[in-house]
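Raw query.txt, compact mmCIF, C-alpha atoms:
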# COMPACT_ATOMS: atom_id res chain seq x y z
CA MET A 1 -14.91 47.17 10.62
CA LYS A 2 -17.70 44.75 9.69
CA LYS A 3 -15.16 42.28 8.31
CA LEU A 4 -13.27 42.40 11.61
CA ILE A 5 -16.41 41.72 13.64
CA VAL A 6 -17.42 38.84 11.35
CA THR A 7 -13.91 37.39 11.50
CA ILE A 8 -13.85 37.60 15.30
CA GLY A 9 -17.26 35.94 15.41
CA ILE A 10 -16.12 33.08 13.18
CA ILE A 11 -12.93 32.56 15.19
CA THR A 12 -14.91 32.54 18.43
CA ALA A 13 -17.34 29.95 17.02
CA ILE A 14 -14.46 27.73 15.94
CA ILE A 15 -12.78 27.97 19.35
CA ILE A 16 -16.02 27.13 21.13
CA SER A 17 -16.67 24.12 18.88
CA ILE A 18 -13.13 22.83 19.46
CA ASP A 19 -13.57 23.24 23.21
CA VAL A 20 -16.89 21.37 23.17
CA GLN A 21 -15.35 18.54 21.16
CA ALA A 22 -12.46 18.31 23.62
CA GLN A 23 -14.85 18.11 26.55
CA ASP A 24 -16.91 15.45 24.76
CA ASN A 25 -13.69 13.46 24.27
CA ILE A 26 -12.93 13.70 27.99
CA ILE A 27 -16.40 12.41 28.88
CA ASN A 28 -16.21 9.61 26.28
CA LYS A 29 -12.82 8.56 27.63
CA THR A 30 -14.20 8.56 31.17
CA ASP A 31 -17.26 6.54 30.14
CA LYS A 32 -15.10 3.97 28.34
CA ARG A 33 -12.88 3.55 31.39
CA GLN A 34 -15.96 3.13 33.58
CA ALA A 35 -17.27 0.41 31.26
CA VAL A 36 -13.94 -1.43 31.25
CA GLN A 37 -13.74 -1.27 35.04
CA LYS A 38 -17.30 -2.59 35.35
CA VAL A 39 -16.36 -5.57 33.15
CA ARG A 40 -13.21 -6.21 35.21
CA ILE A 41 -15.30 -6.32 38.40
CA ALA A 42 -17.81 -8.69 36.80
CA GLU A 43 -15.01 -10.95 35.54
CA GLY A 44 -13.50 -11.02 39.02
CA VAL A 45 -16.82 -12.02 40.57
CA ALA A 46 -17.43 -14.69 37.90
CA SER A 47 -13.98 -16.22 38.37
CA GLY A 48 -14.20 -16.10 42.17
CA GLU A 49 -11.23 -13.73 42.48
CA VAL A 50 -13.49 -11.04 43.97
CA THR A 51 -15.75 -11.79 46.93
CA ARG A 52 -19.27 -10.39 47.19
CA MET A 53 -18.21 -7.79 49.77
CA GLU A 54 -15.24 -6.71 47.68
CA ALA A 55 -17.50 -6.39 44.63
CA LYS A 56 -19.97 -4.35 46.64
CA ARG A 57 -17.23 -1.90 47.67
CA LEU A 58 -15.83 -1.71 44.13
CA ARG A 59 -19.28 -1.01 42.69
CA ALA A 60 -19.85 1.69 45.30
CA GLU A 61 -16.57 3.27 44.22
CA GLN A 62 -17.78 3.22 40.60
CA ARG A 63 -21.07 4.89 41.62
CA MET A 64 -19.11 7.60 43.43
CA ILE A 65 -17.08 8.25 40.29
CA ARG A 66 -20.27 8.48 38.18
CA ARG A 67 -21.80 10.95 40.66
CA THR A 68 -18.62 13.04 40.61
CA GLU A 69 -18.62 13.00 36.81
CA SER A 70 -22.27 14.12 36.76
CA ARG A 71 -21.52 17.03 39.10
CA ILE A 72 -18.54 18.05 36.99
CA GLU A 73 -20.59 17.92 33.78
CA ALA A 74 -23.49 19.87 35.30
CA ASP A 75 -22.06 23.31 34.56
CA GLY A 76 -21.06 22.35 31.03
CA ILE A 77 -17.38 23.19 31.52
CA ILE A 78 -14.70 20.71 32.54
CA THR A 79 -11.61 22.38 33.92
CA ARG A 80 -8.18 20.78 33.93
CA ARG A 81 -8.46 20.42 37.68
CA GLU A 82 -11.76 18.55 37.34
CA GLN A 83 -10.30 16.38 34.60
CA ARG A 84 -7.32 15.52 36.83
CA LYS A 85 -9.70 14.67 39.67
CA LEU A 86 -11.70 12.27 37.47
CA THR A 87 -8.52 10.66 36.18
CA SER A 88 -7.19 10.28 39.71
CA LEU A 89 -10.43 8.69 40.93
CA GLN A 90 -10.42 6.26 38.02
CA ASN A 91 -6.76 5.40 38.53
CA GLN A 92 -7.45 4.64 42.19
CA ALA A 93 -10.47 2.51 41.26
CA SER A 94 -8.37 0.59 38.75
CA ARG A 95 -5.72 -0.09 41.42
CA ASP A 96 -8.42 -1.20 43.86
CA ILE A 97 -9.88 -3.63 41.31
CA ARG A 98 -6.42 -5.07 40.58
CA ARG A 99 -5.69 -5.47 44.31
CA GLN A 100 -8.99 -7.21 44.99
CA LYS A 101 -8.61 -9.54 42.04
CA ASN A 102 -5.09 -10.51 43.08
CA ASP A 103 -5.41 -10.78 46.86
CA ALA A 104 -5.54 -14.12 48.64
CA GLN A 105 -9.28 -13.99 49.31
CA VAL A 106 -11.49 -16.16 47.13
CA ARG A 107 -15.23 -16.61 47.07
CA GLY A 108 -16.15 -19.61 49.19

Could you spell out this file's structure in structure tokens?
Amino acid sequence: MKKLIVTIGIITAIIISIDVQAQDNIINKTDKRQAVQKVRIAEGVASGEVTRMEAKRLRAEQRMIRRTESRIEADGIITRREQRKLTSLQNQASRDIRRQKNDAQVRG
């Protein structure tokens, strides 16, 4: 009986550690994407492809994603639904950056 309880305890600890590592990977992936998007915005501003107003909107979108990520992380558990939401927000932000960099407007 004691062996069974110890075995269950060890298995539970392993599962929890794997879950924590998976959630850390999700957050690291999100943080890396945020950093890349920030660089893309800065490059667009530096090259003149993104106007000041466009950059302001894109940065606001990035802040919103960071706030959403903070709220999701607050309870310590990231569900698949929350992960999909973060991915969707980042995909939309990436599309917005691409559109702003490739539209006809240039900084004057």

Please produce, as JSON lines, a per-residue contact table for segment 24-71 of chain A versus segment 86-103 of chain A (criterion: any atom at most 8 Å away, all atoms listed in the file considered), showing the nearest atom pair and its distance in Å to one decimal, sorted by chain then residue number.
{"residue": "A:Thr30", "atom": "CA", "partner": "A:Leu86", "partner_atom": "CA", "distance": 7.7}
{"residue": "A:Arg33", "atom": "CA", "partner": "A:Gln90", "partner_atom": "CA", "distance": 7.6}
{"residue": "A:Gln34", "atom": "CA", "partner": "A:Gln90", "partner_atom": "CA", "distance": 7.8}
{"residue": "A:Gln37", "atom": "CA", "partner": "A:Ser94", "partner_atom": "CA", "distance": 6.8}
{"residue": "A:Arg40", "atom": "CA", "partner": "A:Ile97", "partner_atom": "CA", "distance": 7.4}
{"residue": "A:Ile41", "atom": "CA", "partner": "A:Ile97", "partner_atom": "CA", "distance": 6.7}
{"residue": "A:Gly44", "atom": "CA", "partner": "A:Lys101", "partner_atom": "CA", "distance": 5.9}
{"residue": "A:Glu49", "atom": "CA", "partner": "A:Lys101", "partner_atom": "CA", "distance": 5.0}
{"residue": "A:Val50", "atom": "CA", "partner": "A:Lys101", "partner_atom": "CA", "distance": 5.5}
{"residue": "A:Glu54", "atom": "CA", "partner": "A:Gln100", "partner_atom": "CA", "distance": 6.8}
{"residue": "A:Leu58", "atom": "CA", "partner": "A:Ile97", "partner_atom": "CA", "distance": 6.9}
{"residue": "A:Glu61", "atom": "CA", "partner": "A:Ala93", "partner_atom": "CA", "distance": 6.8}
{"residue": "A:Gln62", "atom": "CA", "partner": "A:Ala93", "partner_atom": "CA", "distance": 7.4}
{"residue": "A:Ile65", "atom": "CA", "partner": "A:Leu89", "partner_atom": "CA", "distance": 6.7}
{"residue": "A:Thr68", "atom": "CA", "partner": "A:Leu86", "partner_atom": "CA", "distance": 7.6}
{"residue": "A:Glu69", "atom": "CA", "partner": "A:Leu86", "partner_atom": "CA", "distance": 7.0}

Atom CA of Ala104 of chain A to atom CA of Gly48 of chain A, straight-line distance in Å:
11.0 Å

Just give me the gap between atom CA of Arg59 of chain A and atom CA of Ile77 of chain A in Å, one decimal is fine.
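Distance reported for this atom pair: 26.7 Å.
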
Mind checking which residues fall within 12 Å of Ser70 of chain A, counting all atoms listed in the file, ignoring those fewer than 4 positions away in the same chain, and posting them as a PyMOL selection string?
chain A and resi 27+30-31+63-66+74-78+82+86

Among listed residues A:Ile72, A:Ala35, A:Val106, A:Val6, nearest Ala55 of chain A (using all atoms listed in the file):
A:Val106

Residue among A:Thr51, A:Arg84, A:Thr79, A:Arg57 lying closest to Gln105 of chain A, counting only C-alpha atoms:
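Answer, going by the shortest atom-to-atom distance: A:Thr51.
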